[in-house]
Amino acid sequence: MKKKQDIIMNTSFFRLIKKSEKKQGLAPGTLVHIGEHKTEKTTIQVLDYNEETVEEKNINTVSECFSFKETASVTWINVNGLHELETIEAIGKHFDIHPLALEDIVHTGQRPKIEDFDGPIFIILKMLFYEESSDYIHEEQVSLVTGRNFVISFQEIPGDIFDPVRKRIHTHKARIRKRKSDYLTYALLDTIVDNYFIVLEKIGEKMEDLDNRLLEDNSRDTLQTINDLKRKVLSLRKNIWPLREVIGSLLKEDYELFEESTAFYLKDVQDHIIQLIDFIEIYREMLSGMLDTYFSNLSIKMNEVMKVLTVIATIFIPLTFIAGIYGMNFKYMPELEWKGGYFVVWGIIICVTIVMVFYLRRKKWI
Amino acid sequence: MKKKQDIIMNTSFFRLIKKSEKKQGLAPGTLVHIGEHKTEKTTIQVLDYNEETVEEKNINTVSECFSFKETASVTWINVNGLHELETIEAIGKHFDIHPLALEDIVHTGQRPKIEDFDGPIFIILKMLFYEESSDYIHEEQVSLVTGRNFVISFQEIPGDIFDPVRKRIHTHKARIRKRKSDYLTYALLDTIVDNYFIVLEKIGEKMEDLDNRLLEDNSRDTLQTINDLKRKVLSLRKNIWPLREVIGSLLKEDYELFEESTAFYLKDVQDHIIQLIDFIEIYREMLSGMLDTYFSNLSIKMNEVMKVLTVIATIFIPLTFIAGIYGMNFKYMPELEWKGGYFVVWGIIICVTIVMVFYLRRKKWI
Amino acid sequence: MKKKQDIIMNTSFFRLIKKSEKKQGLAPGTLVHIGEHKTEKTTIQVLDYNEETVEEKNINTVSECFSFKETASVTWINVNGLHELETIEAIGKHFDIHPLALEDIVHTGQRPKIEDFDGPIFIILKMLFYEESSDYIHEEQVSLVTGRNFVISFQEIPGDIFDPVRKRIHTHKARIRKRKSDYLTYALLDTIVDNYFIVLEKIGEKMEDLDNRLLEDNSRDTLQTINDLKRKVLSLRKNIWPLREVIGSLLKEDYELFEESTAFYLKDVQDHIIQLIDFIEIYREMLSGMLDTYFSNLSIKMNEVMKVLTVIATIFIPLTFIAGIYGMNFKYMPELEWKGGYFVVWGIIICVTIVMVFYLRRKKWI
Amino acid sequence: MKKKQDIIMNTSFFRLIKKSEKKQGLAPGTLVHIGEHKTEKTTIQVLDYNEETVEEKNINTVSECFSFKETASVTWINVNGLHELETIEAIGKHFDIHPLALEDIVHTGQRPKIEDFDGPIFIILKMLFYEESSDYIHEEQVSLVTGRNFVISFQEIPGDIFDPVRKRIHTHKARIRKRKSDYLTYALLDTIVDNYFIVLEKIGEKMEDLDNRLLEDNSRDTLQTINDLKRKVLSLRKNIWPLREVIGSLLKEDYELFEESTAFYLKDVQDHIIQLIDFIEIYREMLSGMLDTYFSNLSIKMNEVMKVLTVIATIFIPLTFIAGIYGMNFKYMPELEWKGGYFVVWGIIICVTIVMVFYLRRKKWI
Amino acid sequence: MKKKQDIIMNTSFFRLIKKSEKKQGLAPGTLVHIGEHKTEKTTIQVLDYNEETVEEKNINTVSECFSFKETASVTWINVNGLHELETIEAIGKHFDIHPLALEDIVHTGQRPKIEDFDGPIFIILKMLFYEESSDYIHEEQVSLVTGRNFVISFQEIPGDIFDPVRKRIHTHKARIRKRKSDYLTYALLDTIVDNYFIVLEKIGEKMEDLDNRLLEDNSRDTLQTINDLKRKVLSLRKNIWPLREVIGSLLKEDYELFEESTAFYLKDVQDHIIQLIDFIEIYREMLSGMLDTYFSNLSIKMNEVMKVLTVIATIFIPLTFIAGIYGMNFKYMPELEWKGGYFVVWGIIICVTIVMVFYLRRKKWI
C-alpha cells in the first residue's frame with residue numbers, strides 16, 4: 001500500500017513530464033526504465049491455445065517463452081513489471097521488436113499510439129482505474145505487440161483486468177479459440193476500453209453528488225471539486241482521444257495481420273471510444289455549467305447579505321437620527337416640554353418604520 | 001405510469017453510462033439486455049406489402065415471421081421490447097444479423113450509427129419524446145435492419161410514432177407501395193427525424209418562457225432552468241449530431257440496396273438533420289446570452305440594493321452626527337444656551353439634507 | 001400592414017420550427033403550404049427575352065406560361081405567393097420539378113441549399129429585409145428553378161427587389177440579354193446577396209449607436225440591445241453561412257447548364273458571401289467586447305456607490321462615536337466640567353476629519 | 001490633411017460596408033468608384049526595365065502606356081487614384097483585364113483575393129499604415145495585375161511604400177533586373193507584407209504601454225483601450241488572413257506566368273504571413289488576459305473599499321452603542337453614580353477596540 | 001552576464017517583431033543579421049566521422065571546412081554566432097545554400113520551418129532554455145542544413161546542448177557512426193525537442209507552486225503569475241506547434257536524403273512533439289481553471305468582508321437605536337421614572353441580541 005502512495009505522489013498532474021528528465025541526451029533505443037518500480041519482480045505468464053487445447057503457465061526464465069514464437073497456436077505472453085531491462089530486451093530481440101518500441105515500452109509516459117516497424121504491430125495505450133480511497137485515477141501503461149502467432153502484453157503491475165479474457169480462452173467453444181492473434185489483440189483492447197467506462201462513470205457519480213450539493217454549499221471546497229473533476233476529465237481525454245486514431249489506423253490501413261472479420265469487432269471498440277469522447281465533451285460542458293452556478297451562487301449569497309444589511313440600516317439609521325434629535329440638550333426645544341411629545345415621537349418612529357417596511361416589501365427585499 | 005417514473009430515475013444525465021457496467025468482460029456478441037424492461041412482453045407486428053396487396057398481422061411465435069424473408073413483397077417486421085433475448089436471437093439468426101449488431105440492439109445506450117456487416121444494413125438511432133408532466137426528454141433506442149425485401153425495426157416500447165407510415169402503406173396508390181425496402185427505411189428515418197423537431201420546439205417554447213421572465217425574476221430557479229435547458233440541448237445534440245454521418249454514409253457509400261432515386265429522399269432527411277443542428281447551435285448561443293443576462297441582473301440588483309443603502313447612510317449618518325454633537329453634556333456649550341439654537345440646528349439639518357439629495361440626484365442614485 | 005404584424009408575431013425567434021409541426025407524418029412530396037398567407041392571390045409574371053426582343057406580361061391562368069418552356073429565348077417566370085398549391089403543382093409538373101423540390105418551395109423554413117434532381121437545378125435561399133418601424137429582420141424564402149431556357153422564381157410576397165434585374169433585361173445592349181438562363185440565375189442571386197449588405201449595415205449602425213451610449217447608460221435596456229443584436233447576427237449567419245456551400249457547389253460541380261464564363265460572376269457572389277461572413281464574425285466579436293464593457297460598467301458603478309458610502313461612513317461614524325462619548329450622563333466626567341472641553345472636542349473632530357480626508361485622498365476615493 | 005480626416009470619419013469600423021450601398025442593383029462589370037476621392041488626379045508612372053536598361057516616366061495620357069504591353073522588357077505601370085473611371089477602363093481594355101476585375105479595382109472594400117480570368121493574374125490586397133496622430137490604421141486597397149511582360153498596380157493614393165522596389169530596379173546588377181514580371185509581383189507583395197509587421201509592431205507597443213499601466217489604472221479608459229486594440233487586431237486579421245490563401249493558391253496552382261524559381265520567394269512571403277497570423281492570435285490571447293486583469297482589478301479595488309468600510313464600522317458601531325447606553329436618561333442607573341464609572345467605560349471601549357483590531361488583523365484586513 | 005540581460009530586454013514579448021524593422025525594403029537574399037550579437041566571435045567546429053574514425057577540430061578560417069563537402073564520411077559543421085556575415089555567406093556559397101535560406105539563418109525571428117531549395121534540406125527551429133534567475137525562457141534560433149554527407153548547424157551562441165550527440169559520435173560502436181547525415185539531423189532535432197520537456201517541466205513546477213498558494217493568497221501577484229505563465233505557455237506553443245508540420249513534412253514527402261529506417265526515429269520525435277502539444281493544451285486549460293479559482297476567491301473574500309459588516313451592523317444598529325430612544329430629553333417619558341426601567345432596557349437589548357444572533361446563525365453568517 002505504501003508503494004501505491006508513492007505512485008500517487010510521483011504522478012501529480014503538474015509533473016507528468018518530470019520522468020523524461022532522466023533520459024535527456026541518451027542515444028535512441030537505449031533502454032531506460034522510466035516510471036515506478038511498481039512491482040517487485042518481473043513475472044511472465046504464457047497462455048498458448050488453439051481450437052482444441054489451452055496451456056497456461058508462469059515461466060521463470062525468459063527463454064522459456066521463446067519456443068512459442070514458431071508454434072501455429074496463438075500465444076499470449078503477459079509481462080508484468082518493466083524494470084528488469086534484460087528480460088524486456090531479451091524478449092524484444094527474440095520477437096523482433098524494434099529498439100524504439102522497446103524503449104517506449106519501458107519508458108512509461110507515452111501517448112497512446114500504434115506503430116508498424118516492419119515487424120509485429122506495436123500498440124501503446126493506458127489502462128485507467130479509479131482508486132476510491134485516494135480519489136485518484138491511476139494510469140498504467142500497457143503495450144501490446146502483435147505478431148503472426150503471438151501477442152505480448154507488457155503491464156507495469158500485475159492486475160486482474162485481463163482475467164475475463166483469460167476465462168474466455170479457457171472456455172471450450174469460445175469464438176476467441178477459433179481466431180488468431182488479431183482477435184486476441186482486439187479482446188485485450190476491448191477489455192481496456194470497457195474499463196474506461198467504469199472510470200467515467202465514477203466521475204459521473206461525483207458530478208451528480210456535486211450537482212446535488214451545489215446549491216446549498218458554496219465553500220471553496222466546491223470550486224476545488226469542480227476544478228479537480230475538470231482535471232480528471234482532462235486526464236481522461238488525454239488518454240482516450242489518441243486511441244481513436246490508433247483504432248482508426250488499424251481499421252484504415254492494410255495491416256496484413258488483421259483479418260477483415262476482426263474489423264467488425266474493432267469498429268465496435270471504435271464506437272465505444274467515440275462514445276467515451278462524446279461523454280467527456282458533455283461532462284466538460286456540464287462542469288462549466290456548474291462553474292456558472294457556483295459563481296452565481298456567490299453573487300446570490302452576496303446579494304442576500306447586502307439586502308439584510310440594507311434593510312437593517314434603512315430602517316434603523318433614520319430612526320436613530322430622530323432619537324438623536326430629541327437627545328439634544330438645547331435649552332429651548334419646545335417639543336421636549338410638550339406632554340405628549342414622547343409619544344408623538346414614538347408615533348413618528350412607527351410611521352417611518354411602516355413606510356420603510358412597505359417600501360422594502362415592494363422592492364421584495366423582505 | 002410507475003414504470004415510466006423508474007425510467008426517468010434510471011436515466012439521469014449523470015448515469016448515462018452506468019448501464020455498461022453489467023456487461024464488463026463478457027465475450028463480444030453475447031446478448032445481454034441493458035436498459036429497462038420497458039414493456040411486459042415482446043410483441044411482433046408484421047406488415048407485408050407490394051403494389052397490389054397489404055397484409056398486416058401480430059404474430060405470436062417468432063418463427064411465423066421467418067417465411068417473409070424470401071417473399072418478393074416488402075416486409076416490415078416491428079419488434080417491441082428487447083428483453084426476450086431468445087426471440088431477438090432467433091430473428092437475428094434467421095435474417096443474418098451479425099452477432100455484434102444483435103448485441104447493440106439489445107444493449108440500449110448506443111451512439112447512432114450505421115453498420116454494414118456484409119449482410120443487411122444496420123442502423124441505430126434514438127427516438128426522442130418530451131414528456132410534459134415530468135419535464136423530461138425520453139430517449140428510446142430504435143434499430144433498423146434493412147435487407148433486400150425486409151426491414152426489421154426494434155423498439156424498446158410499443159409506440160404510435162410509426163402509425164403515419166403504416167397508414168401510408170395501407171393507402172392504395174401511395175408511392176411507398178411501389179418502392180422497395182430502402183424507401184421504407186427512409187420513411188421510418190424521416191418519421192423519427194420529424195419527431196425531433198417537436199422536441200426542439202418544446203425546448204424553444206421553454207426558452208421563450210424563460211426569456212420573458214428573465215428580467216423580472218432572478219432567483220436560483222432561473223439559473224437552474226438555464227442549466228437544465230443547456231443539458232437538454234446537449235442531450236439532443238448528442239443524439240442528433242451523429243445522425244448526420246449516418247445519413248451521409250448512406251448517401252456517399254454505394255449500398256447496393258439503396259437505389260439512386262431514394263437518395264433524393266435521404267438528402268431531404270439530411271437537410272432536416274443539418275437544420276436541427278443549426279437550431280441546436282443557435283439555442284446554445286442564446287442560452288449563453290441568457291446566462292449573461294442572468295448574471296447582469298444579479299449585478300444590477302446588487303447595485304440597486306447598494307444604492308439604497310448608500311442613499312440612506314449618506315443622508316442620515318451626517319445628520320445623526322450633528323444631533324450627536326448637541327447631545328453632549330458639556331457645561332459650557334454656548335449654542336445650547338441660544339434661544340434659536342435648536343432651530344438653527346434644524347436649519348443646518350435641512351440644508352445638509354438638501355445638499356445631499358442634490359448630490360445623489362446628480363449621481364442619478366435617487 | 002396588419003398582415004405584416006402577424007408575420008412578425010409568428011416568426012419569433014423561439015418558434016422558428018413550429019411550422020414543421022403541421023406536416024408531421026405526411027408522405028414526402030405531399031404539398032402543404034407552411035408559412036403565412038402573405039399575399040392575397042398568387043400572381044405570375046413572365047419575362048421572355050433574347051438578344052433582340054423582350055416580352056413581359058402578367059398571366060392569369062397558369063397554363064399560359066407553359067408554352068415558354070420550349071422557346072429558345074430565356075424565360076423568367078416569377079411566382080408570388082405560395083399558398084395556391086394547385087398552381088405550384090401545375091408548374092412543377094410542367095417544368096419537371098421534383099416533388100421534393102416542390103414540397104420545399106411551399107414549405108417555407110428551409111435551409112439555403114442547392115439540389116440537382118436530374119432535371120432543372122433547384123436553389124433555395126432567403127431574402128432578408130430590415131423593417132425600421134418594428135426593428136425586425138424579415139425572412140422570405142426564395143426558390144429558384146433553373147432549366148435550359150427558363151428560370152422560375154418563387155417568392156412569398158410580391159416585392160420590388162428584383163426590379164433592377166428587370167430593368168437591366170429591358171436595356172437593349174445589356175450583357176444579360178446575350179446570356180442564357182445561368183446568367184439570369186446569377187443576376188437574381190447577386191441581387192439577393194447585395195441586399196444582405198444593406199441589412200448588415202443596418203445592424204452596423206445599431207451597433208455604432210450602442211457603442212456610443214454604452215459608457216453612459218447601463219440600464220437593462222443596453223443588455224437587451226446587445227442580446228437582440230446578437231440574435232440578429234445569429235439569424236443572419238444562419239441564412240448566409242449555408243449559401244457559401246450553395247455557390248461553392250455551383251462552382252465546383254459540373255452543372256452542364258452553367259457555362260464557364262458565368263463562373264467568374266458566381267465567384268464574385270461567392271466573394272461577397274465570404275465577406276459577409278467575415279463581417280458577421282467581426283460583429284460577433286465586437287458584441288462580445290461590448291458585453292465586457294457593459295459588465296465592467298456595472299462593476300465601476302458599484303465601485304463608485306461603495307466609495308461614497310465608505311467615505312461618508314469612514315468620516316462620520318468615528319465622529320458620532322466621539323459625540324456619543326460626551327453625551328454620556330456619568331456624574332463624574334472631568335472633561336464635561338472643563339471650560340474649553342466643548343471646543344477641544346470640536347478640535348478633535350476637525351483633526352479626525354482632516355486625517356480621514358487625507359487618508360481617503362491618498363486612496364483616491366475622493 | 002483635411003482630406004485624410006474625412007477618410008477616417010468615413011471608414012469607422014461599424015460602417016465598413018456602407019460603401020456597397022451605392023452600387024446596389026447595377027449590372028456586374030459596371031464601373032462605379034466606391035471609396036474616397038483620395039487623390040486629386042489619377043497619375044500614372046511607368047517603369048520599364050530589362051537586364052541592361054531602365055526607363056522611368058510619368059505619363060499624361062493613358063494611351064502612352066499601351067505600347068509597353070508588347071515589349072519584351074518588364075513594364076511596371078503604377079496607377080494612383082481610382083476615380084477617373086475612363087482611365088481605368090481604357091487600361092482595362094487594352095491589357096485584357098476582365099470587367100469584373102476592373103469593377104473590383106475601383107470598388108475599394110474588397111476582400112484580399114486572387115483571380116485568374118483567363119488573362120493576366122489579378123490580385124487584390126490591402127496596404128495598411130498606422131497614423132500616430134489619429135491613432136488609426138488606414139486601409140488602402142492595392143490591386144496588382146500581372147501579365148506576361150507587365151505588372152499594373154492600382155493604388156488609391158500616391159505613396160512611397162514601393163520606393164525600395166523602384167530603387168532596386170534602378171540598381172544595375174539587382175536580381176530583379178534579370179527576372180520577369182512574376183518576380184516584380186513578388187517584390188511588390190513582399191513590400192506590402194513587410195509593412196504589416198510595422199503596423200503589428202505599433203500595436204505591440206501600445207499593448208506594452210497598456211500592460212504597464214494596467215495594474216495602477218482601472219478607469220474606463222483602460223477598457224476602452226483594450227477594446228480598441230481588440231478591434232485593431234480584428235481589422236488586421238480580416239486583411240491578413242485571406243492573404244494566406246492568396247499566396248497559397250499562387251504556390252499550389254499552376255500559373256504559367258509564375259516560374260518555379262519565384263516560388264521560393266513566394267514561400268518566404270507565405271512564411272511571413274503565417275508568422276503575422278501567429279502573432280495576431282497571440283495578441284488576441286494576451287488582450288483577453290489583460291481583460292481578466294482589468295476585471296480582477298475592479299474586484300480587488302472593491303474589496304479594498306469594502307474592507308475599509310467594514311473595519312471602520314466594526315470598530316466604531318459597537319463603541320457608539322456603548323456610549324449610547326450611558327447616554328440614556330433613566331433615573332436609576334447605578335453605574336452613572338459610580339465615581340469611576342466613566343473610566344470603566346473608557347476601559348471597556350479600549351478593550352473592545354483592542355479585541356476588534358486583533359480580530360481584524362487576524363483576518364488580514366488591517 | 002550583462003550581455004544576456006540585454007537579450008532579455010530586447011526580446012520582451014510585445015516587441016517580438018521589432019527586429020524585422022531594420023530589414024524593411026531590402027532585396028530578398030540580402031544578408032542582414034537581425035538579432036543580438038550574442039557572441040564575440042563566430043566559431044566553427046567540425047566533426048567528421050564514419051564507422052571507423054572520428055576527427056574533431058575547431059577551425060579558424062572558414063575555408064578549412066570546405067574540403068569536407070566531398071568526403072564520403074559524415075561531417076557535422078557547427079557554426080556559433082551569426083553576425084559575421086562574410087563567413088556565413090562563404091559557407092552558404094560553398095555548400096549550395098539558397099540565398100533565402102541564408103537570409104533566414106541570420107535573420108533570427110523565423111517561424112520553425114523546413115524548406116527544400118533543390119539543394120540541401122534546410123530546417124529552422126528554436127532552442128529554448130529557461131533561466132531560473134531571471135525567470136525567463138530564452139529563445140535561440142537553430143538552423144540545420146542537411147546535405148548528402150554533411151550537416152551544418154547554425155547557433156546564435158555556443159552552447160553545450162549538443163554535447164550528448166558529440167559524445168555518442170565519439171563512442172566506438174554507437175549506431176550514429178554507421179548512419180548517414182539524415183540520422184545526424186534526427187539526433188540534433190531529437191536533442192532540441194527533448195530539451196523542450198525540461199522547459200515545460202519548469203512551467204509545470206511553477207504551476208504547481210501557484211496551485212498550492214492559490215487558495216490562501218489572492219493578491220494581484222497571483223494574477224500576474226497566472227498571466228505570466230499563460231504567456232510562457234503561449235510562447236512555447238508558438239515555437240513547438242509549427243515543428244509538428246516540419247517533422248510531418250520530413251515524414252510524408254519523399255526527401256531522397258532521408259532513408260526509410262530513419263523515419264522510425266523521426267516518428268519518435270513527432271510523437272514527442274504531439275505529446276508536448278497535448279501538455280501545452282492541458283496547461284492552458286488548467287491555467288484558465290486557476291483564473292476561475294482566483295476570481296472566485298476574490299468573491300469569497302468579499303462575501304466574508306460583507307458578512308462581518310452585516311453581522312456587526314445588524315446587531316448594533318438596532319441596539320443603538322434603543323439606547324438613543326432613552327437618551328431623549330422629553331420631560332414626560334414614563335419609562336425613565338420607573339425604577340427598573342434601565343434594567344428592562346438591558347433585558348430588551350439582550351433579547352434583541354439573542355434573536356439577531358440566532359437569525360444570523362441560521363443564515364450561517366456567524
# chains A, B, ... in the order shown; residues from 1 in each chain; ligands from 1
$ residues_around --residues "A:Met356" --least-positions-apart "4" --cutoff "10 Å" --atoms "only C-alpha atoms" --output "JSON, numbers by chain"
{"A": [311, 314, 315, 316, 318, 350, 351, 352, 360, 361, 362]}
$ write_last_selection --atoms "N, CA, C and O atoms" --output "PDB file, in the first residue's frame"
ATOM      1  N   VAL A 311     -31.589  46.468   4.684  1.00  0.00           N
ATOM      2  CA  VAL A 311     -32.871  46.524   5.384  1.00  0.00           C
ATOM      3  C   VAL A 311     -32.664  47.086   6.781  1.00  0.00           C
ATOM      4  O   VAL A 311     -33.349  48.038   7.208  1.00  0.00           O
ATOM      5  N   THR A 314     -31.539  50.757   6.585  1.00  0.00           N
ATOM      6  CA  THR A 314     -32.580  51.638   6.075  1.00  0.00           C
ATOM      7  C   THR A 314     -33.644  51.920   7.129  1.00  0.00           C
ATOM      8  O   THR A 314     -34.183  53.018   7.227  1.00  0.00           O
ATOM      9  N   ILE A 315     -33.939  50.907   7.925  1.00  0.00           N
ATOM     10  CA  ILE A 315     -34.969  51.106   8.950  1.00  0.00           C
ATOM     11  C   ILE A 315     -34.408  51.880  10.141  1.00  0.00           C
ATOM     12  O   ILE A 315     -34.983  52.874  10.578  1.00  0.00           O
ATOM     13  N   PHE A 316     -33.246  51.451  10.645  1.00  0.00           N
ATOM     14  CA  PHE A 316     -32.820  51.983  11.943  1.00  0.00           C
ATOM     15  C   PHE A 316     -32.000  53.262  11.887  1.00  0.00           C
ATOM     16  O   PHE A 316     -31.996  54.016  12.851  1.00  0.00           O
ATOM     17  N   PRO A 318     -32.452  56.073  10.066  1.00  0.00           N
ATOM     18  CA  PRO A 318     -33.295  57.256  10.219  1.00  0.00           C
ATOM     19  C   PRO A 318     -33.910  57.349  11.618  1.00  0.00           C
ATOM     20  O   PRO A 318     -34.004  58.438  12.195  1.00  0.00           O
ATOM     21  N   ILE A 350     -42.908  54.829  14.506  1.00  0.00           N
ATOM     22  CA  ILE A 350     -43.712  53.721  13.966  1.00  0.00           C
ATOM     23  C   ILE A 350     -44.116  54.006  12.523  1.00  0.00           C
ATOM     24  O   ILE A 350     -44.032  53.125  11.661  1.00  0.00           O
ATOM     25  N   CYS A 351     -44.488  55.246  12.255  1.00  0.00           N
ATOM     26  CA  CYS A 351     -44.858  55.597  10.874  1.00  0.00           C
ATOM     27  C   CYS A 351     -43.677  55.371   9.928  1.00  0.00           C
ATOM     28  O   CYS A 351     -43.825  54.725   8.875  1.00  0.00           O
ATOM     29  N   VAL A 352     -42.551  55.942  10.305  1.00  0.00           N
ATOM     30  CA  VAL A 352     -41.368  55.791   9.442  1.00  0.00           C
ATOM     31  C   VAL A 352     -41.078  54.311   9.209  1.00  0.00           C
ATOM     32  O   VAL A 352     -40.830  53.871   8.079  1.00  0.00           O
ATOM     33  N   LEU A 360     -39.587  48.503   1.397  1.00  0.00           N
ATOM     34  CA  LEU A 360     -38.692  47.344   1.208  1.00  0.00           C
ATOM     35  C   LEU A 360     -39.469  46.134   0.705  1.00  0.00           C
ATOM     36  O   LEU A 360     -38.958  45.317  -0.058  1.00  0.00           O
ATOM     37  N   ARG A 361     -40.725  46.001   1.171  1.00  0.00           N
ATOM     38  CA  ARG A 361     -41.566  44.914   0.670  1.00  0.00           C
ATOM     39  C   ARG A 361     -41.767  45.025  -0.822  1.00  0.00           C
ATOM     40  O   ARG A 361     -41.656  44.052  -1.563  1.00  0.00           O
ATOM     41  N   ARG A 362     -42.058  46.268  -1.245  1.00  0.00           N
ATOM     42  CA  ARG A 362     -42.320  46.455  -2.665  1.00  0.00           C
ATOM     43  C   ARG A 362     -41.093  46.095  -3.497  1.00  0.00           C
ATOM     44  O   ARG A 362     -41.185  45.584  -4.604  1.00  0.00           O
TER      45      ARG A 362
END
$ select_by_dssp --residues "stretch 73-240 of chain B" --states "strand (DSSP E or B)" --output "count of residues only"
40
$ calpha_fit_rmsd --fixed "chain C" --moving "chain A"
0.2 Å
$ interface_residues --of "chain E" --to "chain B" --cutoff "10 Å" --atoms "only C-alpha atoms" --output "count of residues only"
4
$ atom_distance --atom1 "atom CA of E:Ser133" --atom2 "atom CA of E:Val233"
18.6 Å
$ residues_around --residues "D:Phe154" --least-positions-apart "5" --cutoff "10 Å" --atoms "only C-alpha atoms" --output "list in words"
Ile44, Ile77, Asn78, Val79, Asn80, Gly81, Leu82, Ile88, Ile105, Val106, Ile124, Gln141, Val142, Ser143, Leu144 and Val145 of chain D
$ write_last_selection --atoms "all heavy atoms" --output "compact mmCIF listing (two decimals), in the first residue's frame"
# COMPACT_ATOMS: atom_id res chain seq x y z
N ILE D 44 -0.14 58.30 -63.46
CA ILE D 44 0.38 57.00 -63.89
C ILE D 44 1.89 57.09 -64.05
O ILE D 44 2.41 58.02 -64.68
CB ILE D 44 -0.25 56.59 -65.25
CG1 ILE D 44 -1.78 56.55 -65.11
CG2 ILE D 44 0.29 55.26 -65.71
CD1 ILE D 44 -2.49 56.26 -66.40
N ILE D 77 3.49 49.44 -64.46
CA ILE D 77 2.64 50.63 -64.59
C ILE D 77 1.94 50.84 -63.25
O ILE D 77 1.20 49.98 -62.79
CB ILE D 77 1.61 50.43 -65.71
CG1 ILE D 77 2.35 50.19 -67.03
CG2 ILE D 77 0.68 51.63 -65.80
CD1 ILE D 77 1.46 49.68 -68.14
N ASN D 78 2.20 51.97 -62.64
CA ASN D 78 1.62 52.23 -61.33
C ASN D 78 0.59 53.32 -61.45
O ASN D 78 0.89 54.44 -61.83
CB ASN D 78 2.74 52.66 -60.35
CG ASN D 78 2.21 52.80 -58.95
OD1 ASN D 78 1.28 52.10 -58.57
ND2 ASN D 78 2.79 53.71 -58.18
N VAL D 79 -0.67 52.99 -61.14
CA VAL D 79 -1.77 53.94 -61.27
C VAL D 79 -2.17 54.41 -59.88
O VAL D 79 -2.51 53.61 -59.01
CB VAL D 79 -2.98 53.28 -61.98
CG1 VAL D 79 -4.10 54.28 -62.14
CG2 VAL D 79 -2.55 52.69 -63.31
N ASN D 80 -2.12 55.71 -59.64
CA ASN D 80 -2.53 56.27 -58.35
C ASN D 80 -3.86 56.99 -58.52
O ASN D 80 -3.95 57.91 -59.33
CB ASN D 80 -1.49 57.29 -57.86
CG ASN D 80 -0.19 56.61 -57.50
OD1 ASN D 80 -0.19 55.58 -56.84
ND2 ASN D 80 0.92 57.18 -57.95
N GLY D 81 -4.83 56.64 -57.75
CA GLY D 81 -6.15 57.29 -57.84
C GLY D 81 -7.09 56.45 -58.67
O GLY D 81 -6.74 56.02 -59.77
N LEU D 82 -8.27 56.20 -58.13
CA LEU D 82 -9.17 55.25 -58.79
C LEU D 82 -10.46 55.87 -59.27
O LEU D 82 -11.36 55.18 -59.72
CB LEU D 82 -9.51 54.12 -57.81
CG LEU D 82 -8.33 53.38 -57.19
CD1 LEU D 82 -8.84 52.37 -56.20
CD2 LEU D 82 -7.53 52.69 -58.28
N ILE D 88 -9.16 54.11 -65.99
CA ILE D 88 -9.11 52.72 -65.55
C ILE D 88 -9.65 51.81 -66.63
O ILE D 88 -9.09 50.76 -66.96
CB ILE D 88 -9.94 52.54 -64.24
CG1 ILE D 88 -9.57 53.57 -63.19
CG2 ILE D 88 -9.82 51.12 -63.73
CD1 ILE D 88 -8.25 53.40 -62.53
N ILE D 105 -11.40 46.63 -58.77
CA ILE D 105 -10.30 47.58 -58.59
C ILE D 105 -10.83 48.91 -58.08
O ILE D 105 -10.29 49.50 -57.14
CB ILE D 105 -9.53 47.78 -59.92
CG1 ILE D 105 -8.70 46.54 -60.22
CG2 ILE D 105 -8.63 49.01 -59.87
CD1 ILE D 105 -8.11 46.50 -61.62
N VAL D 106 -11.91 49.40 -58.70
CA VAL D 106 -12.41 50.72 -58.32
C VAL D 106 -13.35 50.65 -57.12
O VAL D 106 -13.60 51.65 -56.46
CB VAL D 106 -13.12 51.42 -59.49
CG1 VAL D 106 -12.13 51.66 -60.61
CG2 VAL D 106 -14.29 50.61 -59.99
N ILE D 124 -5.87 41.23 -55.38
CA ILE D 124 -6.29 42.39 -54.60
C ILE D 124 -5.79 42.18 -53.18
O ILE D 124 -5.90 41.08 -52.64
CB ILE D 124 -7.82 42.54 -54.60
CG1 ILE D 124 -8.26 43.32 -55.83
CG2 ILE D 124 -8.31 43.23 -53.35
CD1 ILE D 124 -9.69 43.76 -55.80
N GLN D 141 -6.64 49.97 -50.62
CA GLN D 141 -6.71 48.80 -51.48
C GLN D 141 -5.69 48.89 -52.60
O GLN D 141 -5.60 49.91 -53.28
CB GLN D 141 -8.12 48.69 -52.07
CG GLN D 141 -8.27 47.53 -53.03
CD GLN D 141 -9.71 47.19 -53.28
OE1 GLN D 141 -10.50 47.07 -52.36
NE2 GLN D 141 -10.07 47.05 -54.54
N VAL D 142 -4.91 47.83 -52.76
CA VAL D 142 -3.95 47.77 -53.85
C VAL D 142 -4.32 46.59 -54.75
O VAL D 142 -4.58 45.49 -54.26
CB VAL D 142 -2.52 47.56 -53.29
CG1 VAL D 142 -1.54 47.38 -54.43
CG2 VAL D 142 -2.12 48.74 -52.43
N SER D 143 -4.36 46.82 -56.02
CA SER D 143 -4.66 45.75 -56.97
C SER D 143 -3.45 45.55 -57.87
O SER D 143 -2.87 46.52 -58.34
CB SER D 143 -5.87 46.10 -57.84
OG SER D 143 -6.90 46.65 -57.05
N LEU D 144 -3.10 44.31 -58.09
CA LEU D 144 -1.97 44.01 -58.96
C LEU D 144 -2.47 43.16 -60.12
O LEU D 144 -3.14 42.15 -59.92
CB LEU D 144 -0.89 43.23 -58.20
CG LEU D 144 -0.29 43.91 -56.97
CD1 LEU D 144 0.70 42.98 -56.29
CD2 LEU D 144 0.41 45.21 -57.35
N VAL D 145 -2.12 43.58 -61.32
CA VAL D 145 -2.49 42.80 -62.50
C VAL D 145 -1.18 42.37 -63.16
O VAL D 145 -0.39 43.21 -63.58
CB VAL D 145 -3.34 43.64 -63.46
CG1 VAL D 145 -3.63 42.85 -64.73
CG2 VAL D 145 -4.62 44.08 -62.79
